[in-house]
$ cat work07.tsv   # TSV, N, CA and C atoms
chain	number	residue	atom	x	y	z
A	1	MET	N	0.94	4.25	-15.25
A	1	MET	CA	0.33	4.20	-13.93
A	1	MET	C	0.03	5.61	-13.46
A	2	ARG	N	-1.10	5.74	-12.79
A	2	ARG	CA	-1.48	7.05	-12.24
A	2	ARG	C	-0.54	7.45	-11.10
A	3	ASN	N	-0.60	8.70	-10.73
A	3	ASN	CA	0.19	9.27	-9.65
A	3	ASN	C	-0.06	8.50	-8.35
A	4	LEU	N	1.00	8.21	-7.60
A	4	LEU	CA	0.91	7.46	-6.35
A	4	LEU	C	-0.02	8.15	-5.34
A	5	LYS	N	0.09	9.45	-5.27
A	5	LYS	CA	-0.76	10.21	-4.33
A	5	LYS	C	-2.24	10.06	-4.69
A	6	ASP	N	-2.54	10.09	-5.97
A	6	ASP	CA	-3.93	9.92	-6.42
A	6	ASP	C	-4.45	8.53	-6.08
A	7	LEU	N	-3.60	7.51	-6.24
A	7	LEU	CA	-4.00	6.15	-5.91
A	7	LEU	C	-4.31	6.03	-4.41
A	8	VAL	N	-3.45	6.62	-3.59
A	8	VAL	CA	-3.66	6.58	-2.13
A	8	VAL	C	-4.98	7.25	-1.77
A	9	GLU	N	-5.25	8.42	-2.34
A	9	GLU	CA	-6.48	9.13	-2.03
A	9	GLU	C	-7.71	8.34	-2.47
A	10	GLU	N	-7.63	7.69	-3.62
A	10	GLU	CA	-8.73	6.87	-4.12
A	10	GLU	C	-9.03	5.71	-3.15
A	11	ILE	N	-7.99	5.05	-2.69
A	11	ILE	CA	-8.17	3.91	-1.79
A	11	ILE	C	-8.63	4.38	-0.41
A	12	LYS	N	-8.10	5.50	0.06
A	12	LYS	CA	-8.55	6.06	1.34
A	12	LYS	C	-10.05	6.32	1.31
A	13	LYS	N	-10.51	6.89	0.21
A	13	LYS	CA	-11.94	7.18	0.06
A	13	LYS	C	-12.75	5.89	0.07
A	14	GLU	N	-12.28	4.89	-0.66
A	14	GLU	CA	-12.95	3.60	-0.73
A	14	GLU	C	-13.05	2.95	0.66
A	15	LEU	N	-11.99	3.09	1.47
A	15	LEU	CA	-11.96	2.47	2.79
A	15	LEU	C	-12.54	3.36	3.90
A	16	GLY	N	-12.88	4.59	3.56
A	16	GLY	CA	-13.44	5.51	4.55
A	16	GLY	C	-12.40	6.06	5.52
A	17	ILE	N	-11.20	6.24	5.04
A	17	ILE	CA	-10.12	6.79	5.87
A	17	ILE	C	-10.03	8.28	5.61
A	18	GLU	N	-10.23	9.08	6.66
A	18	GLU	CA	-10.21	10.53	6.49
A	18	GLU	C	-8.91	11.16	6.98
A	19	GLU	N	-8.19	10.46	7.83
A	19	GLU	CA	-6.97	11.03	8.38
A	19	GLU	C	-5.86	11.11	7.32
A	20	LYS	N	-4.93	12.01	7.55
A	20	LYS	CA	-3.82	12.21	6.63
A	20	LYS	C	-2.86	11.03	6.71
A	21	VAL	N	-2.41	10.57	5.56
A	21	VAL	CA	-1.45	9.47	5.48
A	21	VAL	C	-0.28	9.93	4.62
A	22	LYS	N	0.91	9.79	5.15
A	22	LYS	CA	2.11	10.20	4.43
A	22	LYS	C	2.72	8.97	3.75
A	23	ILE	N	3.25	9.17	2.55
A	23	ILE	CA	3.91	8.11	1.80
A	23	ILE	C	5.40	8.43	1.71
A	24	GLU	N	6.23	7.45	2.04
A	24	GLU	CA	7.67	7.59	1.89
A	24	GLU	C	8.17	6.48	0.98
A	25	LEU	N	9.10	6.81	0.12
A	25	LEU	CA	9.73	5.81	-0.75
A	25	LEU	C	11.05	5.38	-0.13
A	26	LYS	N	11.25	4.07	-0.06
A	26	LYS	CA	12.45	3.52	0.57
A	26	LYS	C	13.14	2.56	-0.38
A	27	ASN	N	14.39	2.28	-0.10
A	27	ASN	CA	15.16	1.31	-0.87
A	27	ASN	C	15.29	0.02	-0.05
A	28	TYR	N	14.18	-0.66	0.14
A	28	TYR	CA	14.20	-1.92	0.87
A	28	TYR	C	14.82	-3.01	0.02
A	29	LYS	N	15.53	-3.92	0.68
A	29	LYS	CA	16.10	-5.07	-0.04
A	29	LYS	C	15.09	-6.20	-0.11
A	30	ARG	N	14.29	-6.39	0.96
A	30	ARG	CA	13.38	-7.53	1.01
A	30	ARG	C	11.92	-7.15	1.17
A	31	LEU	N	11.63	-6.02	1.77
A	31	LEU	CA	10.24	-5.62	2.01
A	31	LEU	C	9.64	-4.95	0.79
A	32	ILE	N	8.34	-5.13	0.63
A	32	ILE	CA	7.61	-4.40	-0.41
A	32	ILE	C	7.10	-3.09	0.17
A	33	ALA	N	6.63	-3.16	1.43
A	33	ALA	CA	6.11	-1.96	2.09
A	33	ALA	C	6.04	-2.21	3.60
A	34	SER	N	5.92	-1.12	4.34
A	34	SER	CA	5.71	-1.20	5.79
A	34	SER	C	4.89	0.01	6.22
A	35	THR	N	4.36	-0.06	7.43
A	35	THR	CA	3.49	1.00	7.91
A	35	THR	C	3.87	1.40	9.34
A	36	SER	N	3.86	2.70	9.61
A	36	SER	CA	3.99	3.21	10.97
A	36	SER	C	2.60	3.64	11.41
A	37	LEU	N	2.01	2.89	12.35
A	37	LEU	CA	0.68	3.23	12.83
A	37	LEU	C	0.69	4.49	13.69
A	38	GLU	N	1.79	4.73	14.38
A	38	GLU	CA	1.89	5.90	15.26
A	38	GLU	C	1.93	7.20	14.45
A	39	LYS	N	2.57	7.14	13.29
A	39	LYS	CA	2.77	8.35	12.49
A	39	LYS	C	1.94	8.39	11.21
A	40	ASN	N	1.14	7.33	10.96
A	40	ASN	CA	0.35	7.23	9.72
A	40	ASN	C	1.24	7.41	8.49
A	41	ILE	N	2.30	6.63	8.47
A	41	ILE	CA	3.23	6.66	7.34
A	41	ILE	C	3.26	5.29	6.68
A	42	ILE	N	3.14	5.29	5.36
A	42	ILE	CA	3.33	4.06	4.59
A	42	ILE	C	4.65	4.22	3.86
A	43	ARG	N	5.51	3.24	4.08
A	43	ARG	CA	6.80	3.24	3.41
A	43	ARG	C	6.76	2.20	2.29
A	44	ILE	N	6.98	2.67	1.08
A	44	ILE	CA	6.88	1.83	-0.11
A	44	ILE	C	8.27	1.61	-0.70
A	45	ASN	N	8.55	0.38	-1.05
A	45	ASN	CA	9.80	0.08	-1.73
A	45	ASN	C	9.74	0.71	-3.13
A	46	ARG	N	10.66	1.59	-3.40
A	46	ARG	CA	10.61	2.32	-4.67
A	46	ARG	C	10.70	1.40	-5.88
A	47	LYS	N	11.18	0.18	-5.70
A	47	LYS	CA	11.27	-0.77	-6.82
A	47	LYS	C	9.89	-1.11	-7.38
A	48	ILE	N	8.84	-1.10	-6.53
A	48	ILE	CA	7.52	-1.49	-7.05
A	48	ILE	C	6.90	-0.41	-7.93
A	49	LEU	N	7.53	0.75	-8.00
A	49	LEU	CA	7.05	1.78	-8.91
A	49	LEU	C	7.60	1.57	-10.33
A	50	ASP	N	8.54	0.63	-10.44
A	50	ASP	CA	9.14	0.27	-11.72
A	50	ASP	C	8.33	-0.86	-12.35
A	51	LYS	N	7.65	-0.56	-13.44
A	51	LYS	CA	6.78	-1.53	-14.11
A	51	LYS	C	7.53	-2.80	-14.49
A	52	ASP	N	8.73	-2.67	-15.01
A	52	ASP	CA	9.51	-3.85	-15.42
A	52	ASP	C	9.82	-4.74	-14.21
A	53	PHE	N	10.16	-4.14	-13.08
A	53	PHE	CA	10.46	-4.91	-11.88
A	53	PHE	C	9.23	-5.72	-11.45
A	54	VAL	N	8.09	-5.08	-11.41
A	54	VAL	CA	6.86	-5.74	-10.97
A	54	VAL	C	6.47	-6.85	-11.93
A	55	GLU	N	6.57	-6.59	-13.21
A	55	GLU	CA	6.15	-7.58	-14.21
A	55	GLU	C	7.15	-8.72	-14.37
A	56	LYS	N	8.43	-8.38	-14.43
A	56	LYS	CA	9.43	-9.41	-14.71
A	56	LYS	C	9.95	-10.11	-13.46
A	57	LYS	N	10.23	-9.37	-12.41
A	57	LYS	CA	10.80	-9.96	-11.20
A	57	LYS	C	9.72	-10.55	-10.29
A	58	LEU	N	8.59	-9.85	-10.18
A	58	LEU	CA	7.54	-10.31	-9.26
A	58	LEU	C	6.45	-11.11	-9.97
A	59	GLY	N	6.40	-11.01	-11.30
A	59	GLY	CA	5.48	-11.83	-12.08
A	59	GLY	C	4.04	-11.34	-12.14
A	60	TYR	N	3.81	-10.06	-11.88
A	60	TYR	CA	2.45	-9.49	-11.98
A	60	TYR	C	2.28	-8.81	-13.32
A	61	GLU	N	1.18	-9.09	-13.99
A	61	GLU	CA	0.96	-8.52	-15.32
A	61	GLU	C	0.45	-7.08	-15.27
A	62	ASN	N	-0.36	-6.74	-14.26
A	62	ASN	CA	-0.94	-5.41	-14.18
A	62	ASN	C	-0.23	-4.61	-13.09
A	63	HIS	N	0.67	-3.75	-13.50
A	63	HIS	CA	1.50	-2.97	-12.58
A	63	HIS	C	0.67	-2.11	-11.63
A	64	GLU	N	-0.25	-1.33	-12.17
A	64	GLU	CA	-1.04	-0.43	-11.32
A	64	GLU	C	-1.90	-1.21	-10.33
A	65	GLU	N	-2.46	-2.31	-10.76
A	65	GLU	CA	-3.28	-3.14	-9.86
A	65	GLU	C	-2.43	-3.67	-8.70
A	66	PHE	N	-1.21	-4.08	-8.99
A	66	PHE	CA	-0.30	-4.57	-7.95
A	66	PHE	C	-0.02	-3.46	-6.93
A	67	VAL	N	0.32	-2.28	-7.40
A	67	VAL	CA	0.62	-1.15	-6.51
A	67	VAL	C	-0.61	-0.82	-5.67
A	68	MET	N	-1.79	-0.85	-6.28
A	68	MET	CA	-3.02	-0.57	-5.54
A	68	MET	C	-3.26	-1.61	-4.45
A	69	LYS	N	-2.98	-2.87	-4.73
A	69	LYS	CA	-3.14	-3.93	-3.72
A	69	LYS	C	-2.19	-3.69	-2.55
A	70	VAL	N	-0.97	-3.32	-2.84
A	70	VAL	CA	0.01	-3.04	-1.78
A	70	VAL	C	-0.47	-1.86	-0.93
A	71	LEU	N	-0.91	-0.79	-1.58
A	71	LEU	CA	-1.39	0.38	-0.85
A	71	LEU	C	-2.62	0.06	-0.01
A	72	LYS	N	-3.55	-0.69	-0.58
A	72	LYS	CA	-4.76	-1.06	0.16
A	72	LYS	C	-4.40	-1.91	1.37
A	73	HIS	N	-3.48	-2.82	1.19
A	73	HIS	CA	-3.02	-3.67	2.29
A	73	HIS	C	-2.50	-2.81	3.45
A	74	GLU	N	-1.62	-1.86	3.12
A	74	GLU	CA	-1.04	-1.01	4.16
A	74	GLU	C	-2.07	-0.05	4.76
A	75	LEU	N	-2.96	0.47	3.94
A	75	LEU	CA	-4.01	1.37	4.45
A	75	LEU	C	-4.97	0.65	5.39
A	76	MET	N	-5.19	-0.64	5.17
A	76	MET	CA	-6.04	-1.41	6.07
A	76	MET	C	-5.42	-1.48	7.47
A	77	HIS	N	-4.11	-1.58	7.53
A	77	HIS	CA	-3.44	-1.57	8.83
A	77	HIS	C	-3.72	-0.24	9.55
A	78	ILE	N	-3.66	0.84	8.81
A	78	ILE	CA	-3.91	2.16	9.40
A	78	ILE	C	-5.37	2.28	9.82
A	79	LYS	N	-6.27	1.84	8.99
A	79	LYS	CA	-7.71	1.93	9.30
A	79	LYS	C	-8.05	1.17	10.57
A	80	LEU	N	-7.52	-0.05	10.70
A	80	LEU	CA	-7.84	-0.90	11.85
A	80	LEU	C	-6.90	-0.68	13.03
A	81	LYS	N	-5.88	0.14	12.85
A	81	LYS	CA	-4.91	0.45	13.90
A	81	LYS	C	-4.27	-0.81	14.47
A	82	THR	N	-3.92	-1.71	13.58
A	82	THR	CA	-3.25	-2.94	13.99
A	82	THR	C	-2.22	-3.34	12.95
A	83	ARG	N	-1.13	-3.87	13.42
A	83	ARG	CA	-0.13	-4.37	12.47
A	83	ARG	C	-0.35	-5.83	12.16
A	84	TRP	N	-1.32	-6.42	12.82
A	84	TRP	CA	-1.63	-7.84	12.64
A	84	TRP	C	-2.74	-8.03	11.62
A	85	HIS	N	-2.82	-9.21	11.07
A	85	HIS	CA	-3.87	-9.55	10.11
A	85	HIS	C	-5.00	-10.25	10.85
A	86	VAL	N	-5.75	-9.46	11.60
A	86	VAL	CA	-6.88	-9.96	12.38
A	86	VAL	C	-8.04	-10.28	11.44
A	87	PRO	N	-9.06	-11.06	11.90
A	87	PRO	CA	-10.18	-11.40	11.02
A	87	PRO	C	-10.83	-10.18	10.36
A	88	GLN	N	-10.99	-9.09	11.10
A	88	GLN	CA	-11.58	-7.85	10.54
A	88	GLN	C	-10.78	-7.38	9.33
A	89	TYR	N	-9.48	-7.56	9.40
A	89	TYR	CA	-8.59	-7.12	8.34
A	89	TYR	C	-9.01	-7.77	7.01
A	90	PHE	N	-9.19	-9.08	7.04
A	90	PHE	CA	-9.54	-9.80	5.82
A	90	PHE	C	-10.97	-9.53	5.37
A	91	GLU	N	-11.87	-9.33	6.34
A	91	GLU	CA	-13.27	-9.01	5.99
A	91	GLU	C	-13.34	-7.70	5.22
A	92	LYS	N	-12.61	-6.72	5.69
A	92	LYS	CA	-12.65	-5.39	5.07
A	92	LYS	C	-11.84	-5.35	3.77
A	93	LEU	N	-10.81	-6.20	3.70
A	93	LEU	CA	-9.96	-6.21	2.51
A	93	LEU	C	-10.68	-6.82	1.31
A	94	MET	N	-11.55	-7.75	1.56
A	94	MET	CA	-12.27	-8.40	0.47
A	94	MET	C	-13.31	-7.46	-0.02
$ encode --input "work07.tsv" --output "structure tokens"
Amino acid sequence: MRNLKDLVEEIKKELGIEEKVKIELKNYKRLIASTSLEKNIIRINRKILDKDFVEKKLGYENHEEFVMKVLKHELMHIKLKTRWHVPQYFEKLM
């Protein structure tokens, strides 16, 4: 898998996000990721960086694609400045 920072920058460019976004790795027990809209921080469960965890425990075959989906999901919250999944959220995500 490519560098996490590179993946974030690639998705930011795709979504037209110019503002700085910080990534923090956390040891969540149940969450995959969360976002602070006030601070532009995406908190990622460090377990999803483990290919075996994603493939065996979560059942996804393509590790990098899964991580990119998680990042895109959280970046959409930052782009739209909402923690809710409003209709615009799904329009832009597709």
$ residues_around --input "work07.tsv" --residues "stretch 30-46 of chain A" --least-positions-apart "5" --cutoff "7 Å" --atoms "only N, CA and C atoms" --output "MDAnalysis selection string"
chainID A and resid 20:25 74 77:78 81:82
$ atom_distance --input "work07.tsv" --atom1 "atom N of A:Lys13" --atom2 "atom N of A:Asn62"
22.3 Å
$ residues_around --input "work07.tsv" --residues "A:Glu64" --least-positions-apart "6" --cutoff "8 Å" --atoms "only N, CA and C atoms" --output "list in words"
Met1, Arg2, Lys51 and Val70 of chain A
$ select_by_dssp --input "work07.tsv" --residues "chain A" --states "helix (DSSP H, G or I)" --output "PyMOL selection string"
chain A and resi 4-15+46-49+51-57+63-80+87-93
$ atom_distance --input "work07.tsv" --atom1 "atom C of A:Tyr28" --atom2 "atom C of A:Gly59"
18.3 Å
$ select_by_dssp --input "work07.tsv" --residues "chain A" --states "strand (DSSP E or B)" --output "number ranges by chain"
A: 22-26, 33-36, 41-45
$ residues_around --input "work07.tsv" --residues "A:Leu15" --least-positions-apart "4" --cutoff "8 Å" --atoms "all atoms listed in the file" --output "NGL selection string"
:A and (9-11 or 75-76 or 79 or 92)
$ atom_distance --input "work07.tsv" --atom1 "atom CA of A:Val54" --atom2 "atom CA of A:Phe66"
7.9 Å
$ closest_residue --input "work07.tsv" --among "A:Lys5, A:Lys57, A:Lys12, A:Lys47" --to "A:Lys72" --atoms "all atoms listed in the file"
A:Lys12
$ closest_residue --input "work07.tsv" --among "A:Asn3, A:Glu19, A:Glu55, A:Val8" --to "A:Lys69" --atoms "only C-alpha atoms"
A:Val8
